[in-house]
Amino acid sequence: MADDKTNAAAYWSANVRLIAGCLIVWALVSYGFAILLRPLLAGIPVGGTDLGFWFAQQGSILTFIGIIFFYAWKMNRLDKKFGLEE
Amino acid sequence: MSQFAINILFVGASFALYIAIAIWAKAGSTKDFYVAGGGVHPITNGMAIGADWMSAASFISMAGLIASGGYANSTFLMGWTGGYVLLATLLAPYLRKFGKFTVPEFIGDRFYSKTARLVAVVCLIVASLTYVIGQMAGAGVAFSRFLEVDATMGLIIAAVVIFFYSVLGGMKGITYTQVAQYCVLITAYTIPAVFISLELTGNPLPPLGLFSEHTDSGMPLLAKLNEVITDLGFNEYTADVDNKLNMVLFTLTLMIGTAGLPHVIIRFFTVPKVADARWSAGWALIFIALLYLTAPAVASMARLNLVNTIYPDGPSAEAIQYEDRPNWIKEWEITGLIQYEDKNDDGRIQLYNADSEAFASTAESRGWEGNELVVNQDILVLANPEIANLPGWVIGLIAAGGLAAALSTAAGLLLAISSAISHDLIKGALNPRITEKGELMAARISMSVAIVVATYLGANPPGFAAQVVALAFGIAAASLFPALMMGIFSKRVNNIGAIAGMLTGLAFALVYIFIYKGWFFIPGTNNLADIPENYVLGISPLSIGAVGAIINFAVAFTVSKVTAPPPQEIQDLVESVRYPKGAGIAVDH
C-alpha cells in the first residue's frame, strides 16, 4: 500500500500546485488589474474608459469562468492519471 | 388588457408552474429532502445555484448600486462572482466527497466536536435568517408595486407558495423550481436590457453595448456618461477610488463570504460525483454571469437615460417642467420611491449633486437651490421597461422575475436553516436514535416553523435585517469559510484550534461591526459614527469579514500547534475527502 500512499500524495501536491496557479490568476485580474494596478493600466483605452475599469466590470468575471472550467478539466485529467477517479 | 391584469397573469402563471413542479418532485426520503437524492445533473445544478444565489438584492438592487457608485461599486460584481473560484477549487469537490447532508455536520465530524458543530449551526442560522428576511421583504415590495396588494398580504402569499414546494419537496422540489425560477428571472432581466442597449448604442448585447459608441452623440457611451454627470457636479462614473485597501478587503469579504454561505455550499451536495461538483461551479458562474455582465450595462445606461429624461437638451440647457414629466415618474412618485420638491419654485426638475462644493457656484449662477429629485436606487431595474417605453408584458415579466429571484433564494436559505435544525440539532445532538421517517417529519416541521418566523420578521423587520452584507457575509467570511478550508487543507488543525479560531474571528468581526452600527444593531448604541473618518485604516465595517478570516486562520493554527494533533481516524478522514475515489485510498493503516 506504500505505492498508493505515494501516489495519493503526488496527486494532492499536484492539485495544490494547480489551485495555487488558479488563485494567482484569480487575484491578478480582480485585486491586481481591476483595483491595485488600475493606475498602471490607465493608458490602455477600452471603449471610452481604461482596461482596469473593463476588468472590474467584465474582464474579471469572464476570467473567473475560464479559471473554473480550466481547473475542472485539468482535475479530471489528474484524477485519471493517478487512477483516483470515481 | 390592463397592466394590472397582465401582471397578475405573469405572476400567477409562474406560481402555478412552481406548484406543479412541487407536486411532481415530492421528497420520499431524508436524502431527497436534504440533497435531492444526490442525482442532479451538473448543468441543472448550475442553473439552480444561479437562482439560489441571485437574490432580490442581485436582481433589484445591484444595478442601482453600480449606477450610483460607478467604478467604486464594481466590488459587488467581482465579489459576488469571484467566490465561485474559491468554491470550485477549495471547498465544493471535497465537501461533496465527504458525502453528508449539512455544513455543520462536516465541521462537527472533522473537528470531532459537538461544540464546533453547534458554533457552525449558530453562525449558519444567524447568517441565513438575516438573508432570508431581506428576500421576504423584497417579495412583499414586488407584490405591493405590481399586484396592488398590501405588502404583508403579499408576503403571506409568497410564504404559502414557498411552503408548498419546499415543505413537500425539500431540496428536490427546491432544485427543480429553482431551475424554472432561473429561466424566469434571467429572461425578465435581459429583455429590457437588450432593448435599452439597442436604443442607446445600436448593439443588441448589453455587455458589448456598455463599451460601444453612444448613437446620438457619437462618443463612447461611458465617456458620454462621464461628461453629462460631471456637468451636474457628480464624480466621473469611471473615477478611480482613493481607499484601495478598503476596496480590496470589501471585495475579499464578499468573495470568501460567498464561498462560506451554507445555502450555496449544500447545493453542491446534490450532484452524483466529485467531478460534477467542479463542473457545476463553472456552470453556475456562467448562469450567474449572464445577469452579472448585464447589470453594469443596465446601470450605466439607466443612469444616462435618467439624465437625458430630465435634461432633454443636455445638462447645460434647462431641465424639463415638472408638468411634462413622463408617466413612469408619476407612477413611482405614488410609491414614494421617487420624490420631487420644487426648491427654487421654477416648476422645473433640477437634478444635480448638491453636496459638491466645487459645483456650488455653478448651481448658484443657474438659480438652483438644491437637488429636487430623489430617486431610490432600487427602482432602477423595476422601472427599466417603463423608462424605455417597453410594452406591458415586459413589465409583467419583470414582476414575475423579481419574485422568482426573491423566492428561489428564500427557499434555499430556508432549507439550509431547517436542515441545520432537524439534522444537526435534533438528530445530531438531541435525539440521535430518531428514525428516518421521524427525521423527515422533523425536517418538514422545522421548515414550516422557519417559514413562519421568516414571514413574521419580513413583515416586521428587526434592525439587523438591513445589515445583510455586514452580517451574513461577515459571519460566513470570518467563521465558516476558514474552518471549512482548514478542515480540508490541514491535517494538523484540531478541535480546540478550530473552535478558538471560529470564535475569535467571529467575535472580532462582530465587535468591529457593532462599534459602528450599534450593539446588536440597536440604533444609538454605536460607539463611533459610521463614517470613513472613524474607520481603523479606513476599513469599513462591511469589509471587516476578511480581516476576521485572517485572524481565524492565525488563531486556529497557533492554538493547534501547542495542543495535541487530531487522532488518526480524523487524519484519515481528511485524506479521504481529498481523493475523488471511494474509501480505501491512503487510509490503509
# chains A, B, ... in the order shown; residues from 1 in each chain; ligands from 1

$ closest_atom_pairs --of "chain B" --to "chain A" --cutoff "8 Å" --atoms "only C-alpha atoms" --output "tab-separated table"
residue	atom	partner	partner_atom	distance
B:Tyr71	CA	A:Phe53	CA	6.7
B:Ser74	CA	A:Ala56	CA	5.7
B:Thr75	CA	A:Ala56	CA	7.7
B:Leu77	CA	A:Gln57	CA	6.5
B:Met78	CA	A:Ile61	CA	6.5
B:Thr81	CA	A:Ile61	CA	6.5
B:Gly82	CA	A:Phe64	CA	6.4
B:Tyr84	CA	A:Phe64	CA	7.8
B:Val85	CA	A:Ile68	CA	5.9
B:Ala88	CA	A:Ile68	CA	6.5
B:Thr89	CA	A:Ile19	CA	6.2
B:Leu90	CA	A:Ile19	CA	7.9
B:Pro207	CA	A:Gln58	CA	7.8
B:Leu210	CA	A:Gly47	CA	7.9
B:Phe211	CA	A:Gly47	CA	4.3
B:Ser212	CA	A:Gly47	CA	5.8
B:Glu213	CA	A:Gly47	CA	7.6
B:Met219	CA	A:Gly48	CA	7.8
B:Pro220	CA	A:Gly48	CA	4.9
B:Leu221	CA	A:Gly48	CA	6.9
B:Leu222	CA	A:Gly48	CA	5.6
B:Ala223	CA	A:Gly48	CA	5.2
B:Thr238	CA	A:Phe53	CA	6.9
B:Lys244	CA	A:Leu36	CA	6.6
B:Met247	CA	A:Ile35	CA	7.6
B:Val248	CA	A:Tyr31	CA	6.2
B:Lys273	CA	A:Glu86	CA	7.2
B:Val274	CA	A:Glu86	CA	7.8
B:Ala275	CA	A:Asn76	CA	6.8
B:Arg278	CA	A:Ala72	CA	5.4
B:Trp279	CA	A:Ala72	CA	6.0
B:Ala281	CA	A:Ile68	CA	7.2
B:Gly282	CA	A:Ile68	CA	5.3
B:Leu285	CA	A:Ile65	CA	6.2
B:Ile286	CA	A:Ile65	CA	6.6
B:Ala289	CA	A:Ile61	CA	6.9
B:Leu293	CA	A:Gln58	CA	6.2
B:Pro296	CA	A:Gln57	CA	6.6
B:Arg578	CA	A:Trp12	CA	7.2
B:Tyr579	CA	A:Leu84	CA	6.5
B:Pro580	CA	A:Glu85	CA	5.6
B:Lys581	CA	A:Glu86	CA	4.6
B:Gly582	CA	A:Glu86	CA	6.7
B:Ile585	CA	A:Asp4	CA	6.7
B:Ala586	CA	A:Lys5	CA	5.0
B:Asp588	CA	A:Met1	CA	7.1

$ select_by_dssp --residues "range 18-62 of chain A" --states "helix (DSSP H, G or I)" --output "VMD selection string"
chain A and resid 18 to 36 38 to 41 51 to 62

$ write_last_selection --atoms "C-alpha atoms" --output "PDB file, in the first residue's frame"
ATOM      1  CA  LEU A  18      -2.802  23.741  -9.690  1.00  0.00           C
ATOM      2  CA  ILE A  19      -5.012  25.566  -7.169  1.00  0.00           C
ATOM      3  CA  ALA A  20      -2.173  27.964  -6.365  1.00  0.00           C
ATOM      4  CA  GLY A  21      -1.803  28.762 -10.068  1.00  0.00           C
ATOM      5  CA  CYS A  22      -5.551  29.301 -10.464  1.00  0.00           C
ATOM      6  CA  LEU A  23      -5.711  31.580  -7.439  1.00  0.00           C
ATOM      7  CA  ILE A  24      -2.776  33.662  -8.664  1.00  0.00           C
ATOM      8  CA  VAL A  25      -4.683  34.409 -11.870  1.00  0.00           C
ATOM      9  CA  TRP A  26      -7.894  34.951  -9.835  1.00  0.00           C
ATOM     10  CA  ALA A  27      -6.159  37.536  -7.636  1.00  0.00           C
ATOM     11  CA  LEU A  28      -4.270  39.142 -10.515  1.00  0.00           C
ATOM     12  CA  VAL A  29      -7.347  40.013 -12.588  1.00  0.00           C
ATOM     13  CA  SER A  30      -9.506  41.203  -9.669  1.00  0.00           C
ATOM     14  CA  TYR A  31      -7.267  42.636  -6.946  1.00  0.00           C
ATOM     15  CA  GLY A  32      -4.495  43.351  -9.429  1.00  0.00           C
ATOM     16  CA  PHE A  33      -5.748  44.658 -12.780  1.00  0.00           C
ATOM     17  CA  ALA A  34      -9.156  45.847 -11.555  1.00  0.00           C
ATOM     18  CA  ILE A  35      -8.073  47.571  -8.332  1.00  0.00           C
ATOM     19  CA  LEU A  36      -4.434  47.990  -7.307  1.00  0.00           C
ATOM     20  CA  ARG A  38      -5.533  50.118 -12.383  1.00  0.00           C
ATOM     21  CA  PRO A  39      -3.465  53.339 -12.446  1.00  0.00           C
ATOM     22  CA  LEU A  40      -0.688  51.496 -14.290  1.00  0.00           C
ATOM     23  CA  LEU A  41      -3.143  50.291 -16.942  1.00  0.00           C
ATOM     24  CA  LEU A  51      -8.516  48.480 -19.111  1.00  0.00           C
ATOM     25  CA  GLY A  52      -8.784  48.475 -15.306  1.00  0.00           C
ATOM     26  CA  PHE A  53     -12.435  49.509 -15.485  1.00  0.00           C
ATOM     27  CA  TRP A  54     -13.101  46.766 -18.026  1.00  0.00           C
ATOM     28  CA  PHE A  55     -11.543  44.168 -15.735  1.00  0.00           C
ATOM     29  CA  ALA A  56     -13.591  45.470 -12.792  1.00  0.00           C
ATOM     30  CA  GLN A  57     -16.943  45.260 -14.543  1.00  0.00           C
ATOM     31  CA  GLN A  58     -16.456  42.490 -17.090  1.00  0.00           C
ATOM     32  CA  GLY A  59     -12.984  41.030 -17.550  1.00  0.00           C
ATOM     33  CA  SER A  60     -12.619  39.545 -14.091  1.00  0.00           C
ATOM     34  CA  ILE A  61     -15.971  37.705 -14.296  1.00  0.00           C
ATOM     35  CA  LEU A  62     -15.065  36.222 -17.689  1.00  0.00           C
TER      36      LEU A  62
END

$ residues_around --residues "Val103 in chain B" --least-positions-apart "4" --cutoff "8 Å" --atoms "only C-alpha atoms" --output "list of chain:residue names"
B:Ile107, B:Ala120, B:Pro262, B:Ile265, B:Ile266

$ closest_residue --among "B:Val35, B:Ala466, B:Glu439, B:Glu105" --to "Ile426 in chain B" --atoms "only C-alpha atoms"
B:Glu439

$ select_by_dssp --residues "range 235-484 of chain B" --states "strand (DSSP E or B)" --output "NGL selection string"
:B and (321 or 338-340 or 348 or 373-375)

$ residues_around --residues "Phe76 in chain B" --least-positions-apart "4" --cutoff "8 Å" --atoms "only C-alpha atoms" --output "ChimeraX atom specification"
/B:62,80,251,254

$ write_last_selection --atoms "C-alpha atoms" --output "mmCIF file, in the first residue's frame"
data_model
loop_
_atom_site.group_PDB
_atom_site.id
_atom_site.type_symbol
_atom_site.label_atom_id
_atom_site.label_comp_id
_atom_site.auth_asym_id
_atom_site.auth_seq_id
_atom_site.Cartn_x
_atom_site.Cartn_y
_atom_site.Cartn_z
ATOM 1 C CA MET B 62 -27.301 45.671 -7.686
ATOM 2 C CA TRP B 80 -20.285 38.024 -5.778
ATOM 3 C CA THR B 251 -14.181 42.513 -2.389
ATOM 4 C CA LEU B 254 -17.744 39.292 -0.418
#

$ residues_around --residues "Tyr311 in chain B" --least-positions-apart "6" --cutoff "9 Å" --atoms "only C-alpha atoms" --output "number ranges by chain"
B: 317-320, 349-351

$ write_last_selection --atoms "C-alpha atoms" --output "JSON list (two decimals), in the first residue's frame"
[["chain", "number", "residue", "atom", "x", "y", "z"],
["B", 317, "ALA", "CA", -29.76, 73.55, -21.07],
["B", 318, "GLU", "CA", -32.91, 73.84, -18.93],
["B", 319, "ALA", "CA", -34.40, 70.86, -17.12],
["B", 320, "ILE", "CA", -37.92, 69.65, -18.01],
["B", 349, "ILE", "CA", -36.87, 69.44, -12.09],
["B", 350, "GLN", "CA", -33.24, 70.21, -11.23],
["B", 351, "LEU", "CA", -31.28, 67.02, -10.66]]

$ residues_around --residues "range 124-133 of chain B" --least-positions-apart "5" --cutoff "6 Å" --atoms "only C-alpha atoms" --output "compact mmCIF listing (two decimals) with N, CA and C atoms, in the first residue's frame"
# COMPACT_ATOMS: atom_id res chain seq x y z
N ALA B 410 -34.94 32.59 -1.06
CA ALA B 410 -35.56 32.33 0.23
C ALA B 410 -35.68 30.83 0.48
N LEU B 413 -32.32 29.27 1.39
CA LEU B 413 -31.92 29.65 2.75
C LEU B 413 -32.74 28.89 3.78
N ILE B 417 -31.50 26.40 6.81
CA ILE B 417 -31.87 26.58 8.22
C ILE B 417 -32.55 25.32 8.75
N ALA B 454 -39.63 33.54 9.33
CA ALA B 454 -39.11 34.45 8.30
C ALA B 454 -40.20 35.39 7.80
N GLY B 458 -40.08 39.25 8.12
CA GLY B 458 -40.13 40.01 6.87
C GLY B 458 -41.14 41.14 6.96
N ALA B 465 -31.97 43.33 10.00
CA ALA B 465 -32.36 42.85 8.67
C ALA B 465 -31.71 43.65 7.55
N VAL B 468 -27.58 42.82 5.76
CA VAL B 468 -27.26 41.53 5.14
C VAL B 468 -25.79 41.44 4.79
N ALA B 472 -24.40 38.70 7.18
CA ALA B 472 -24.33 37.38 6.54
C ALA B 472 -22.95 37.13 5.95

$ residues_around --residues "Met301 in chain B" --least-positions-apart "6" --cutoff "10 Å" --atoms "only C-alpha atoms" --output "ChimeraX atom specification"
/B:67,193,196-197,199-201,206,209-210,214,221-222,225,295,384

$ atom_distance --atom1 "CA of Glu236 in chain B" --atom2 "CA of Ala57 in chain B"
24.8 Å
